[in-house]
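Asker: Here's a structure for you.
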2 protein chains.
Amino acid sequence: MATIKEISQRAGVSIGTVSNVLNGLPTVREAARKRVLDAIEKLEYEPSLLGRALRKDKTNMIVMVVPDITNPFFPSAVRGAEDVAFQNGFRLVLCNSDNDAAKEATYLREMRTYRPSGLIIVPASLSQGIDEAKAYLEAGSCVVYVDRIPTKWRGDSVTSKHEEGAYAATRYLIELGHERIATIAGPLTSPSGRARLEGFRRAMKENRLRVPAGYTQAADFNKHDGYERGKRLLALRRPPTAIFAANDLVAFGVLAALREEGLRCPQDVSVVGFDNLDDSDAVVPALTTVDQFGYDLGANAAQIVIDRTRGDKRSVRRVLLAPELRIKESSAPPARRRKP
Amino acid sequence: MATIKEISQRAGVSIGTVSNVLNGLPTVREAARKRVLDAIEKLEYEPSLLGRALRKDKTNMIVMVVPDITNPFFPSAVRGAEDVAFQNGFRLVLCNSDNDAAKEATYLREMRTYRPSGLIIVPASLSQGIDEAKAYLEAGSCVVYVDRIPTKWRGDSVTSKHEEGAYAATRYLIELGHERIATIAGPLTSPSGRARLEGFRRAMKENRLRVPAGYTQAADFNKHDGYERGKRLLALRRPPTAIFAANDLVAFGVLAALREEGLRCPQDVSVVGFDNLDDSDAVVPALTTVDQFGYDLGANAAQIVIDRTRGDKRSVRRVLLAPELRIKESSAPPARRRKP
DNA sequence: AGTGCAGAATGAAACGATTCATCGAATCAC
DNA sequence: GTGATTCGATGAATCGTTTCATTCTGCACT
C-alpha cells in the first residue's frame with residue numbers, strides 16, 4: 001500500500017531518486033541507495049504496476065487468446081507460454097475465444113487498452129481478419145500468431161509442420177505394409193487440417209497408393225466426429241486396414257467405433273493420431289501419434305514477444321516446429337488376409 | 001489511441017462531460033450526449049482501462065491461480081471462471097503456481113499491485129499461509145479459495161463435498177458385493193485427499209468391513225503413482241477385488257497396472273476414480289468415477305468475486321458442491337471366487 | 001426586474017509511477 | 001582562487017481517467 005512518495009519521505013530523498021533506485025540507474029550514491037532500500041524493506045513497498053504502466057504506456061502482461069482451454073491441446077501451449085513469460089517477469093492473461101470471432105474481437109479490442117507487451121493468438125477458425133492485430137502493432141505491442149496463421153498475416157508466427165507430420169505418419173503406415181489407408185481429415189476451413197490432409201496425400205501418391213472414394217472424410221476436431229466418421233469408414237464395402245486421424249480426439253472416436261464394431265486395434269485396424277495429448281498414453285491401446293510439441297509452440301511464441309519487447313528489431317520470425325512420430329500400441333502390420 | 005481529451009475537444013465539451021457520458025450518468029443533456037457519442041464513434045475511441053484503473057484503484061481483472069493448467073482437472077474450472085467473468089465484463093489472468101509456494105507468493109505479491117477485482121486461488125498443496133490473501137482483502141480485492149481451503153481461512157470459498165463423494169463411491173462398490181476394497185488415497189497433506197480417505201473409511205466402517213493393513217496407500221495425484229501403488233496392491237497376498245482411487249489420474253495408473261498383470265477390469269478388479277475427467281470416457285474400460293463439476297467450481301468462484309465487487313456485503317459464502325457418482329464400465333460385482 | 005434554485009457543465013486535483021531539464025555540490029585544472 | 005566539468009539529486013510535467021467543488025445557464029416565482 002505504500003507509494004513511492006512515502007518511500008522518498010522516509011528515506012529523505014526525492015521521488016525521482018527512489019525511481020532511479022527502483023530501476024537500477026547507476027546515478028545514485030551508495031548511501032542514498034541504502035536508505036531507499038531500507039525504507040522499501042520497512043514499508044513492504046511494491047511498485048504499482050498500474051502507475052508504471054500508465055506512464056510507460058506498456059505493461060508486463062502478455063495476452064494469450066486460445067479457442068478453448070478445455071480442448072486438451074491448448075493447456076500445454078498455454079503452459080509453455082506462461083513458463084517462459086514468468087521466468088522473464090511477464091504475466092499471462094488468458095482469453096478463450098470459444099472459436100467465436102465476435103468474442104475474440106471483443107477481447108482484443110478491450111485488452112489492447114491495457115497496453116500489453118504482446119499478443120499471442122490462436123485465432124478462431126473462421127476469423128481471418130488481422131485488423132485488430134495491426135492495431136496492436138501500431139500501439140507498440142507485438143503480435144505472434146500460433147498454430148493457425150491468417151493467410152494475409154506477414155508478421156511473427158509459430159506453427160508446426162503439419163504437412164510433414166502427416167506425411168511421416170502416413171509413410172510409417174505404408175512401411176508397415178498397409179495399402180488400404182483412410183484418413184479422417186480436420187475441417188477443411190482450418191489451415192492445419194488442410195496441411196495434414198496434403199501430407200497424407202503426398203505420402204500416398206509417392207507410394208503409388210490409391211485413395212478410393214470415401215477414404216477421405218472431413219470432420220471437426222473432436223471425438224464425436226471421429227466416432228461417427230470411423231463408423232462410416234468401417235461400413236464401407238472394402239474398409240481400410242489403417243486410419244490416419246487428423247488429431248488425437250478424432251482418433252479416440254475411431255477407437256470407440258472399432259470397439260463397438262468388435263474390431264481389434266491394432267490387429268484388425270491400425271490407428272494413428274496427431275497431437276500426442278497426455279491422454280494418448282492413457283487410452284487402450286496407447287495411441288500411435290504425431291507429437292507436435294504444444295508446450296514449445298507456446299514457449300516459442302512467448303519468447304518472441306519478450307525478445308521484441310526488449311528491442312529485437314530483426315525481420316519477421318516464422319518458427320516452424322518439426323513434429324515427431326511417436327510409435328505406441330495402436331499400429332501394427334496389417335493382418336495377412338481379412339474378410340470385410 | 002484517441003483519448004478522452006480528444007473526444008472532449010471534438011465534441012466541444014469538457015472532459016468531465018465525456019466521462020459522464022461514458023459512465024452513463026444522467027446529468028448530461030441529450031444534445032451533448034449525442035455529440036460525444038458521435039465523436040467516440042468517429043475516432044474509434046476505447047477508454048483506457050489503465051487510466052481508469054489507476055484512478056479508481058481497481059481493475060476488471062480477476063487473478064486466478066491454479067497449480068498447473070496441464071493437470072486435466074483445472075482447465076474446466078478455469079473455463080467456468082472465465083465464462084462467468086467474461087459475461088460480466090471481467091477478465092481472467094491465469095497463473096500457474098506449479099504447486100510451488102514460492103512461485104505462488106511471487107505471483108500474488110506482484111499481481112496485487114494491479115488492483116484486481118478479485119483473486120480466485122487453488123493454493124499449492126503445501127501453502128497454508130493466508131497473509132497474502134489478507135493483503136488482497138485490505139487492498140479491497142475479494143478472495144475466494146477453491147478446492148483446497150487453508151484451515152485458517154475464514155472467508156469465501158467453493159469446494160466439493162469430497163468426503164461424501166468418496167463415501168458414495170465406496171458404498172456403491174460395497175453394494176455391488178465387494179468386501180475386499182482398497183483405496184489409493186491422495187497426498188495426506190491435501191485436505192481433499194484426506195476428506196476422500198475419510199469418506200472411504202466411513203463407508204467401510206458403516207458396513208463393518210475391515211480395511212487390512214496395506215489396503216490404504218497414499219500417493220500423489222498422478223498416473224505414475226497410481227500405477228506404482230496399484231502394482232503394490234496387486235502383489236499383496238490377498239489382493240483387493242475393488243480399488244477406489246483418489247482421482248482419475250491415479251485410476252488410470254491402476255488400469256495400466258492391471259493390464260500389465262494380465263488382470264481384467266472390471267471382471268477381476270473393479271476400479272473407481274474421482275473427478276470425471278474428459279479422458280475417463282476415452283479410457284478402456286470407461287472409468288466409473290465421481291464427477292465433481294470442475295466447471296461449476298470455477299463458475300461459482302467467479303460469481304462470488306463479481307457479486308462482492310458489486311457491493312455484496314453478505315456474510316461469508318462457503319459454496320459446497322455435491323459430487324455425483326458416474327457409473328460406467330470399470331466396475332462390476334466381484335467374481336464368484338478367485339485365486340490370488 | 002430581481003432573486004432563488006435546480007440542472008448542466010466545467011476544470012482542477014488526484015491516482016502512482018517515470019522522465020528530463022535543471023540545479024547544487026564537489027572535483028579538478030590552472 | 002576561479003572557472004570548468006562532472007556527478008547526484010531534484011521536482012515539475014506527464015500518462016488517461018474519475019471525481020467533486022464550483023461555476024454557469026436558464027427558468028420560475030415574486
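In the C-alpha cells, each chain is lettered A, B, ... as it comes, each chain's residues begin at 1, and ligands are numbered from 1 in order of appearance.
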Write out as a VMD selection string which residues come within 9 Å of range 19-27 of chain C when counting only C-alpha atoms (C1' of nucleotides), dropping same-chain ones fewer than 6 positions away.

Answerer: (chain A and resid 16) or (chain D and resid 5 to 10 13 to 14)

Asker: Can you list every residue of chain B that has an atom at most 10 Å from chain C, with its nearest atom pair and the distance in Å to one decimal, using only C-alpha atoms (C1' of nucleotides), ordered by chain then number, as JSON lines?

Answerer:
```
{"residue": "B:Val13", "atom": "CA", "partner": "C:DA9", "partner_atom": "C1'", "distance": 8.0}
{"residue": "B:Ser14", "atom": "CA", "partner": "C:DT10", "partner_atom": "C1'", "distance": 6.3}
{"residue": "B:Ile15", "atom": "CA", "partner": "C:DG11", "partner_atom": "C1'", "distance": 8.3}
{"residue": "B:Gly16", "atom": "CA", "partner": "C:DT10", "partner_atom": "C1'", "distance": 7.2}
{"residue": "B:Thr17", "atom": "CA", "partner": "C:DA9", "partner_atom": "C1'", "distance": 6.9}
{"residue": "B:Thr27", "atom": "CA", "partner": "C:DA8", "partner_atom": "C1'", "distance": 6.6}
{"residue": "B:Val28", "atom": "CA", "partner": "C:DA8", "partner_atom": "C1'", "distance": 6.5}
{"residue": "B:Arg29", "atom": "CA", "partner": "C:DA8", "partner_atom": "C1'", "distance": 7.3}
{"residue": "B:Ala32", "atom": "CA", "partner": "C:DA9", "partner_atom": "C1'", "distance": 9.9}
{"residue": "B:Gly51", "atom": "CA", "partner": "C:DC15", "partner_atom": "C1'", "distance": 8.9}
{"residue": "B:Arg52", "atom": "CA", "partner": "C:DC15", "partner_atom": "C1'", "distance": 9.4}
{"residue": "B:Ala53", "atom": "CA", "partner": "C:DC15", "partner_atom": "C1'", "distance": 8.7}
{"residue": "B:Leu54", "atom": "CA", "partner": "C:DC15", "partner_atom": "C1'", "distance": 5.3}
{"residue": "B:Arg55", "atom": "CA", "partner": "C:DC15", "partner_atom": "C1'", "distance": 4.6}
{"residue": "B:Lys56", "atom": "CA", "partner": "C:DC15", "partner_atom": "C1'", "distance": 7.5}
{"residue": "B:Asp57", "atom": "CA", "partner": "C:DC15", "partner_atom": "C1'", "distance": 7.3}
```

Asker: Can you give chain B as a compact mmCIF listing (two decimals) with C-alpha atoms, in the first residue's frame after you superpose it on chain A, pairing all C-alpha atoms in order for the least-squares fit?

Answerer:
```txt
# COMPACT_ATOMS: atom_id res chain seq x y z
CA MET B 1 -0.06 0.10 0.00
CA ALA B 2 2.91 2.37 0.40
CA THR B 3 3.65 4.65 -2.53
CA ILE B 4 6.83 5.99 -3.96
CA LYS B 5 6.05 9.31 -2.28
CA GLU B 6 6.04 7.82 1.19
CA ILE B 7 9.31 6.11 0.44
CA SER B 8 10.85 9.36 -0.68
CA GLN B 9 9.74 11.11 2.49
CA ARG B 10 10.98 8.42 4.76
CA ALA B 11 14.31 8.25 2.97
CA GLY B 12 14.59 12.02 2.79
CA VAL B 13 15.05 12.14 -0.97
CA SER B 14 12.92 13.14 -3.91
CA ILE B 15 10.57 10.77 -5.64
CA GLY B 16 12.74 10.98 -8.72
CA THR B 17 15.60 9.53 -6.78
CA VAL B 18 13.48 6.70 -5.49
CA SER B 19 12.44 5.95 -9.03
CA ASN B 20 16.07 5.93 -10.08
CA VAL B 21 16.90 3.44 -7.37
CA LEU B 22 13.96 1.28 -8.39
CA ASN B 23 15.13 1.25 -11.97
CA GLY B 24 18.76 0.68 -11.13
CA LEU B 25 20.02 3.90 -12.67
CA PRO B 26 23.68 4.48 -11.80
CA THR B 27 23.25 8.15 -10.99
CA VAL B 28 22.40 7.70 -7.35
CA ARG B 29 24.97 7.74 -4.58
CA GLU B 30 25.48 4.81 -2.34
CA ALA B 31 24.31 6.59 0.79
CA ALA B 32 21.03 7.66 -0.77
CA ARG B 33 20.47 4.29 -2.36
CA LYS B 34 20.83 2.60 0.96
CA ARG B 35 18.35 4.87 2.70
CA VAL B 36 15.84 4.26 -0.07
CA LEU B 37 16.25 0.52 0.05
CA ASP B 38 15.84 0.59 3.80
CA ALA B 39 12.60 2.53 3.51
CA ILE B 40 11.33 0.11 0.88
CA GLU B 41 12.10 -2.76 3.18
CA LYS B 42 10.48 -1.16 6.18
CA LEU B 43 7.28 -0.13 4.49
CA GLU B 44 7.02 -3.33 2.46
CA TYR B 45 6.74 -1.24 -0.62
CA GLU B 46 5.78 -2.82 -3.94
CA PRO B 47 5.77 -0.56 -6.99
CA SER B 48 2.34 -0.12 -8.51
CA LEU B 49 2.33 -1.81 -11.87
CA LEU B 50 -0.69 0.27 -12.74
CA GLY B 51 1.05 3.57 -12.20
CA ARG B 52 4.10 2.36 -14.05
CA ALA B 53 2.02 1.03 -16.90
CA LEU B 54 0.08 4.23 -17.38
CA ARG B 55 3.24 6.25 -17.55
CA LYS B 56 5.23 3.88 -19.74
CA ASP B 57 2.28 2.99 -21.88
CA LYS B 58 3.20 -0.66 -21.52
CA THR B 59 2.55 -3.48 -19.06
CA ASN B 60 4.34 -6.73 -18.34
CA MET B 61 1.26 -8.66 -19.41
CA ILE B 62 1.12 -10.94 -22.39
CA VAL B 63 -2.36 -11.66 -23.65
CA MET B 64 -2.82 -15.21 -24.89
CA VAL B 65 -5.95 -16.09 -26.79
CA VAL B 66 -6.82 -19.75 -27.36
CA PRO B 67 -10.03 -21.24 -28.65
CA ASP B 68 -10.75 -23.30 -25.55
CA ILE B 69 -8.52 -24.25 -22.68
CA THR B 70 -10.53 -27.42 -22.04
CA ASN B 71 -9.45 -28.71 -25.42
CA PRO B 72 -6.55 -30.85 -24.22
CA PHE B 73 -4.20 -29.60 -26.87
CA PHE B 74 -4.04 -26.07 -25.47
CA PRO B 75 -3.05 -26.41 -21.83
CA SER B 76 0.47 -27.45 -22.73
CA ALA B 77 0.89 -24.53 -25.10
CA VAL B 78 -0.44 -22.17 -22.46
CA ARG B 79 1.86 -23.71 -19.95
CA GLY B 80 4.86 -23.28 -22.21
CA ALA B 81 4.06 -19.64 -22.74
CA GLU B 82 3.43 -19.04 -19.06
CA ASP B 83 6.68 -20.65 -18.01
CA VAL B 84 8.82 -18.56 -20.32
CA ALA B 85 6.84 -15.44 -19.51
CA PHE B 86 7.13 -15.90 -15.77
CA GLN B 87 10.85 -16.55 -15.86
CA ASN B 88 11.31 -13.23 -17.62
CA GLY B 89 9.05 -11.22 -15.38
CA PHE B 90 6.05 -11.21 -17.68
CA ARG B 91 2.54 -12.35 -16.80
CA LEU B 92 0.00 -14.18 -18.91
CA VAL B 93 -3.62 -13.18 -19.36
CA LEU B 94 -5.65 -16.08 -20.68
CA CYS B 95 -8.62 -15.60 -23.00
CA ASN B 96 -10.84 -18.34 -24.42
CA SER B 97 -12.27 -17.25 -27.73
CA ASP B 98 -14.55 -20.27 -27.87
CA ASN B 99 -13.74 -20.41 -31.56
CA ASP B 100 -16.09 -17.46 -31.82
CA ALA B 101 -14.73 -14.63 -33.93
CA ALA B 102 -16.98 -12.12 -32.15
CA LYS B 103 -15.84 -13.11 -28.69
CA GLU B 104 -12.28 -13.06 -29.89
CA ALA B 105 -12.73 -9.56 -31.23
CA THR B 106 -14.24 -8.34 -27.97
CA TYR B 107 -11.29 -9.66 -26.03
CA LEU B 108 -8.76 -8.20 -28.41
CA ARG B 109 -10.35 -4.78 -28.59
CA GLU B 110 -10.59 -4.41 -24.86
CA MET B 111 -7.33 -5.99 -23.78
CA ARG B 112 -5.45 -3.72 -26.12
CA THR B 113 -6.16 -0.78 -23.84
CA TYR B 114 -4.19 -2.53 -21.13
CA ARG B 115 -1.16 -2.04 -23.32
CA PRO B 116 0.16 -5.57 -23.03
CA SER B 117 3.73 -6.30 -24.07
CA GLY B 118 2.44 -8.76 -26.56
CA LEU B 119 -0.36 -10.84 -27.97
CA ILE B 120 -0.09 -14.57 -28.56
CA ILE B 121 -3.05 -15.78 -30.52
CA VAL B 122 -4.39 -19.07 -31.78
CA PRO B 123 -7.17 -17.56 -33.86
CA ALA B 124 -10.70 -18.89 -33.99
CA SER B 125 -11.06 -21.14 -37.02
CA LEU B 126 -13.21 -18.78 -38.97
CA SER B 127 -11.39 -15.62 -38.11
CA GLN B 128 -9.08 -14.55 -40.89
CA GLY B 129 -9.12 -10.88 -39.98
CA ILE B 130 -5.86 -9.34 -38.89
CA ASP B 131 -7.03 -5.77 -38.34
CA GLU B 132 -6.97 -6.11 -34.59
CA ALA B 133 -3.52 -7.64 -34.73
CA LYS B 134 -2.33 -4.67 -36.74
CA ALA B 135 -3.83 -2.35 -34.14
CA TYR B 136 -1.69 -4.06 -31.51
CA LEU B 137 1.40 -3.49 -33.59
CA GLU B 138 0.53 0.17 -33.99
CA ALA B 139 0.08 0.43 -30.25
CA GLY B 140 3.55 -1.00 -29.81
CA SER B 141 2.54 -4.50 -28.65
CA CYS B 142 4.04 -7.29 -30.64
CA VAL B 143 1.89 -10.09 -32.03
CA VAL B 144 2.67 -13.76 -32.57
CA TYR B 145 0.25 -16.07 -34.31
CA VAL B 146 0.41 -19.67 -33.16
CA ASP B 147 -0.66 -22.91 -34.83
CA ARG B 148 -3.10 -21.34 -37.24
CA ILE B 149 -1.82 -18.45 -39.28
CA PRO B 150 -4.11 -16.20 -41.28
CA THR B 151 -3.11 -16.20 -44.90
CA LYS B 152 -2.63 -12.46 -44.95
CA TRP B 153 -0.43 -12.36 -41.87
CA ARG B 154 3.13 -11.19 -42.56
CA GLY B 155 4.40 -11.02 -38.98
CA ASP B 156 5.89 -13.38 -36.42
CA SER B 157 4.46 -16.85 -36.00
CA VAL B 158 5.07 -20.27 -34.50
CA THR B 159 3.58 -23.41 -35.93
CA SER B 160 4.23 -27.08 -36.52
CA LYS B 161 5.08 -28.66 -39.81
CA HIS B 162 1.69 -30.24 -40.08
CA GLU B 163 2.22 -31.43 -43.59
CA GLU B 164 5.43 -33.22 -42.71
CA GLY B 165 3.95 -34.81 -39.62
CA ALA B 166 1.06 -36.20 -41.58
CA TYR B 167 3.41 -37.36 -44.29
CA ALA B 168 5.58 -39.21 -41.77
CA ALA B 169 2.58 -40.87 -40.14
CA THR B 170 1.14 -42.00 -43.46
CA ARG B 171 4.46 -43.20 -44.75
CA TYR B 172 4.93 -45.23 -41.59
CA LEU B 173 1.59 -46.96 -42.19
CA ILE B 174 2.62 -47.66 -45.76
CA GLU B 175 5.91 -49.12 -44.62
CA LEU B 176 4.03 -51.42 -42.27
CA GLY B 177 2.46 -52.83 -45.41
CA HIS B 178 -0.91 -51.12 -45.43
CA GLU B 179 -2.42 -50.27 -48.79
CA ARG B 180 -6.00 -49.44 -47.88
CA ILE B 181 -5.41 -46.32 -45.80
CA ALA B 182 -8.15 -43.82 -45.05
CA THR B 183 -7.93 -40.44 -43.38
CA ILE B 184 -10.28 -38.43 -41.27
CA ALA B 185 -9.13 -34.93 -41.97
CA GLY B 186 -9.77 -31.90 -39.82
CA PRO B 187 -12.11 -29.13 -40.91
CA LEU B 188 -10.94 -27.93 -44.30
CA THR B 189 -11.41 -24.37 -43.17
CA SER B 190 -8.47 -24.86 -40.85
CA PRO B 191 -4.98 -24.41 -42.28
CA SER B 192 -3.59 -27.16 -40.07
CA GLY B 193 -6.38 -29.50 -41.14
CA ARG B 194 -5.64 -28.82 -44.79
CA ALA B 195 -1.89 -29.20 -44.32
CA ARG B 196 -2.29 -32.58 -42.66
CA LEU B 197 -4.53 -33.76 -45.46
CA GLU B 198 -1.91 -32.69 -47.97
CA GLY B 199 0.79 -34.60 -46.14
CA PHE B 200 -1.38 -37.69 -46.22
CA ARG B 201 -2.02 -37.29 -49.92
CA ARG B 202 1.62 -36.72 -50.76
CA ALA B 203 2.66 -39.91 -48.99
CA MET B 204 -0.04 -41.91 -50.75
CA LYS B 205 0.81 -40.45 -54.12
CA GLU B 206 4.55 -40.96 -53.79
CA ASN B 207 3.86 -44.60 -53.09
CA ARG B 208 1.35 -44.92 -55.91
CA LEU B 209 -1.46 -45.84 -53.59
CA ARG B 210 -5.02 -45.06 -54.52
CA VAL B 211 -7.27 -43.16 -52.17
CA PRO B 212 -10.74 -44.47 -53.07
CA ALA B 213 -13.79 -42.29 -52.83
CA GLY B 214 -15.01 -42.21 -49.25
CA TYR B 215 -11.53 -42.78 -47.86
CA THR B 216 -11.20 -39.07 -47.12
CA GLN B 217 -13.60 -37.77 -44.52
CA ALA B 218 -13.64 -34.24 -43.17
CA ALA B 219 -14.53 -33.76 -39.53
CA ASP B 220 -14.27 -31.33 -36.68
CA PHE B 221 -11.44 -31.85 -34.25
CA ASN B 222 -13.39 -33.76 -31.62
CA LYS B 223 -14.14 -37.25 -30.46
CA HIS B 224 -17.75 -37.33 -31.55
CA ASP B 225 -16.93 -36.56 -35.17
CA GLY B 226 -14.17 -39.12 -35.07
CA TYR B 227 -16.57 -41.77 -33.86
CA GLU B 228 -19.13 -40.92 -36.48
CA ARG B 229 -16.69 -40.78 -39.41
CA GLY B 230 -15.03 -43.94 -38.12
CA LYS B 231 -18.34 -45.79 -38.28
CA ARG B 232 -18.82 -44.50 -41.80
CA LEU B 233 -15.40 -45.76 -42.90
CA LEU B 234 -15.99 -49.18 -41.37
CA ALA B 235 -19.31 -49.47 -43.15
CA LEU B 236 -17.71 -49.14 -46.58
CA ARG B 237 -17.75 -52.20 -48.83
CA ARG B 238 -13.99 -52.33 -48.66
CA PRO B 239 -13.10 -50.77 -45.34
CA PRO B 240 -9.56 -49.51 -44.73
CA THR B 241 -6.97 -51.48 -42.78
CA ALA B 242 -5.50 -48.30 -41.38
CA ILE B 243 -6.86 -44.90 -40.49
CA PHE B 244 -4.90 -41.69 -40.09
CA ALA B 245 -6.88 -39.31 -37.92
CA ALA B 246 -6.40 -35.55 -38.04
CA ASN B 247 -5.85 -35.38 -34.31
CA ASP B 248 -5.90 -37.51 -31.20
CA LEU B 249 -9.45 -36.62 -30.20
CA VAL B 250 -10.68 -37.81 -33.57
CA ALA B 251 -8.58 -40.95 -33.16
CA PHE B 252 -10.19 -41.62 -29.79
CA GLY B 253 -13.54 -41.52 -31.53
CA VAL B 254 -12.28 -43.98 -34.11
CA LEU B 255 -11.13 -46.35 -31.36
CA ALA B 256 -14.60 -46.20 -29.85
CA ALA B 257 -16.16 -46.97 -33.24
CA LEU B 258 -13.84 -49.94 -33.70
CA ARG B 259 -14.71 -51.29 -30.30
CA GLU B 260 -18.39 -50.99 -31.04
CA GLU B 261 -17.97 -52.88 -34.29
CA GLY B 262 -16.12 -55.65 -32.52
CA LEU B 263 -12.91 -54.92 -34.39
CA ARG B 264 -9.55 -55.11 -32.70
CA CYS B 265 -6.92 -52.43 -32.85
CA PRO B 266 -4.26 -52.84 -34.15
CA GLN B 267 -4.92 -56.43 -35.35
CA ASP B 268 -7.87 -55.54 -37.58
CA VAL B 269 -7.35 -51.84 -38.10
CA SER B 270 -4.40 -49.61 -37.29
CA VAL B 271 -5.07 -46.09 -36.05
CA VAL B 272 -2.69 -43.14 -35.95
CA GLY B 273 -3.47 -39.76 -34.44
CA PHE B 274 -1.88 -36.34 -34.23
CA ASP B 275 -0.91 -34.23 -31.18
CA ASN B 276 0.38 -36.79 -28.68
CA LEU B 277 -1.98 -35.65 -25.95
CA ASP B 278 -1.29 -36.98 -22.47
CA ASP B 279 -4.40 -39.11 -22.85
CA SER B 280 -2.96 -40.89 -25.86
CA ASP B 281 -0.97 -42.98 -23.39
CA ALA B 282 -3.94 -43.64 -21.12
CA VAL B 283 -6.11 -44.99 -23.88
CA VAL B 284 -6.12 -48.68 -24.86
CA PRO B 285 -4.34 -49.43 -27.02
CA ALA B 286 -1.94 -46.54 -26.46
CA LEU B 287 -2.25 -44.38 -29.52
CA THR B 288 0.46 -44.14 -32.14
CA THR B 289 0.51 -40.44 -32.90
CA VAL B 290 2.47 -37.44 -34.08
CA ASP B 291 3.87 -35.30 -31.29
CA GLN B 292 3.67 -31.64 -32.14
CA PHE B 293 5.23 -30.28 -28.97
CA GLY B 294 2.46 -28.04 -27.72
CA TYR B 295 4.63 -26.78 -24.87
CA ASP B 296 7.28 -25.59 -27.28
CA LEU B 297 4.75 -23.84 -29.46
CA GLY B 298 3.75 -21.69 -26.52
CA ALA B 299 7.25 -21.29 -25.17
CA ASN B 300 8.60 -20.12 -28.50
CA ALA B 301 5.79 -17.65 -28.94
CA ALA B 302 6.41 -16.14 -25.52
CA GLN B 303 10.13 -15.93 -26.23
CA ILE B 304 9.47 -13.96 -29.38
CA VAL B 305 7.24 -11.53 -27.52
CA ILE B 306 9.90 -11.04 -24.88
CA ASP B 307 12.71 -10.55 -27.38
CA ARG B 308 10.66 -8.03 -29.31
CA THR B 309 9.71 -6.17 -26.17
CA ARG B 310 13.36 -5.91 -25.28
CA GLY B 311 14.08 -4.33 -28.60
CA ASP B 312 14.72 -7.16 -31.03
CA LYS B 313 14.18 -5.51 -34.41
CA ARG B 314 15.22 -8.42 -36.55
CA SER B 315 13.05 -9.28 -39.47
CA VAL B 316 9.98 -11.49 -39.25
CA ARG B 317 10.41 -14.67 -37.25
CA ARG B 318 8.54 -17.71 -38.46
CA VAL B 319 9.29 -20.63 -36.19
CA LEU B 320 8.46 -24.04 -37.62
CA LEU B 321 8.61 -26.95 -35.20
CA ALA B 322 9.23 -30.39 -36.60
CA PRO B 323 6.73 -32.91 -35.23
CA GLU B 324 7.83 -36.44 -34.38
CA LEU B 325 6.10 -39.75 -34.85
CA ARG B 326 5.53 -41.64 -31.60
CA ILE B 327 4.98 -45.29 -32.28
CA LYS B 328 2.90 -46.98 -29.59
CA GLU B 329 0.38 -49.80 -29.66
CA SER B 330 -2.39 -48.83 -32.03
CA SER B 331 -0.48 -49.61 -35.21
CA ALA B 332 0.72 -52.91 -36.70
CA PRO B 333 1.12 -54.57 -40.07
CA PRO B 334 -2.20 -55.44 -41.74
CA ALA B 335 -3.70 -58.88 -41.24
CA ARG B 336 -2.75 -61.37 -43.97
CA ARG B 337 -6.25 -61.45 -45.36
CA ARG B 338 -9.49 -60.24 -43.96
CA LYS B 339 -13.16 -60.54 -44.82
CA PRO B 340 -14.85 -57.13 -44.69
```

Asker: Taking the chain letters and numbering used in this document, name the residues of range 107-250 of chain A that DSSP puts in helix (DSSP H, G or I), as a PyMOL selection string.

Answerer: chain A and resi 107-112+131-138+162-175+191-206+223-234+248-250

Asker: Kindly save the residues from that selection, with C-alpha atoms included, as a short mmCIF file (atom, residue, chain, number, x, y, z; two decimals), in the first residue's frame.

Answerer:
```cif
data_model
loop_
_atom_site.label_atom_id
_atom_site.label_comp_id
_atom_site.auth_asym_id
_atom_site.auth_seq_id
_atom_site.Cartn_x
_atom_site.Cartn_y
_atom_site.Cartn_z
CA TYR A 107 -11.37 -9.44 -26.09
CA LEU A 108 -8.84 -7.99 -28.46
CA ARG A 109 -10.40 -4.56 -28.62
CA GLU A 110 -10.62 -4.19 -24.89
CA MET A 111 -7.38 -5.80 -23.83
CA ARG A 112 -5.47 -3.54 -26.14
CA ASP A 131 -7.09 -5.55 -38.39
CA GLU A 132 -7.03 -5.89 -34.64
CA ALA A 133 -3.59 -7.44 -34.78
CA LYS A 134 -2.39 -4.48 -36.77
CA ALA A 135 -3.86 -2.16 -34.17
CA TYR A 136 -1.72 -3.89 -31.56
CA LEU A 137 1.37 -3.35 -33.63
CA GLU A 138 0.53 0.32 -34.01
CA HIS A 162 1.59 -30.17 -40.14
CA GLU A 163 2.17 -31.41 -43.64
CA GLU A 164 5.40 -33.16 -42.73
CA GLY A 165 3.91 -34.72 -39.61
CA ALA A 166 1.03 -36.16 -41.57
CA TYR A 167 3.42 -37.34 -44.26
CA ALA A 168 5.59 -39.14 -41.71
CA ALA A 169 2.61 -40.81 -40.08
CA THR A 170 1.19 -41.99 -43.38
CA ARG A 171 4.53 -43.18 -44.64
CA TYR A 172 5.01 -45.15 -41.45
CA LEU A 173 1.71 -46.93 -42.05
CA ILE A 174 2.76 -47.67 -45.60
CA GLU A 175 6.06 -49.08 -44.44
CA PRO A 191 -5.12 -24.42 -42.41
CA SER A 192 -3.70 -27.14 -40.18
CA GLY A 193 -6.46 -29.50 -41.22
CA ARG A 194 -5.73 -28.87 -44.87
CA ALA A 195 -1.98 -29.22 -44.40
CA ARG A 196 -2.35 -32.58 -42.70
CA LEU A 197 -4.56 -33.82 -45.49
CA GLU A 198 -1.95 -32.74 -48.02
CA GLY A 199 0.78 -34.62 -46.15
CA PHE A 200 -1.36 -37.71 -46.19
CA ARG A 201 -1.99 -37.39 -49.91
CA ARG A 202 1.65 -36.79 -50.75
CA ALA A 203 2.72 -39.94 -48.94
CA MET A 204 0.05 -41.97 -50.68
CA LYS A 205 0.90 -40.55 -54.05
CA GLU A 206 4.64 -41.01 -53.70
CA LYS A 223 -14.20 -37.25 -30.51
CA HIS A 224 -17.79 -37.40 -31.61
CA ASP A 225 -16.99 -36.66 -35.24
CA GLY A 226 -14.17 -39.19 -35.09
CA TYR A 227 -16.55 -41.84 -33.87
CA GLU A 228 -19.12 -41.04 -36.49
CA ARG A 229 -16.67 -40.95 -39.43
CA GLY A 230 -14.97 -44.06 -38.09
CA LYS A 231 -18.25 -45.93 -38.24
CA ARG A 232 -18.74 -44.70 -41.76
CA LEU A 233 -15.30 -45.95 -42.85
CA LEU A 234 -15.84 -49.34 -41.28
CA ASP A 248 -5.97 -37.44 -31.22
CA LEU A 249 -9.52 -36.57 -30.25
CA VAL A 250 -10.72 -37.83 -33.60
#
```

Asker: Among range 59-303 of chain A, which residues does DSSP mark as strand (DSSP E or B) when it is run on the backbone? Keep the chain and numbering as in the structure and answer as a PyMOL selection string.

Answerer: chain A and resi 61-66+91-96+118-121+142-146+157-160+181-185+216-218+242-245+270-275+288-291
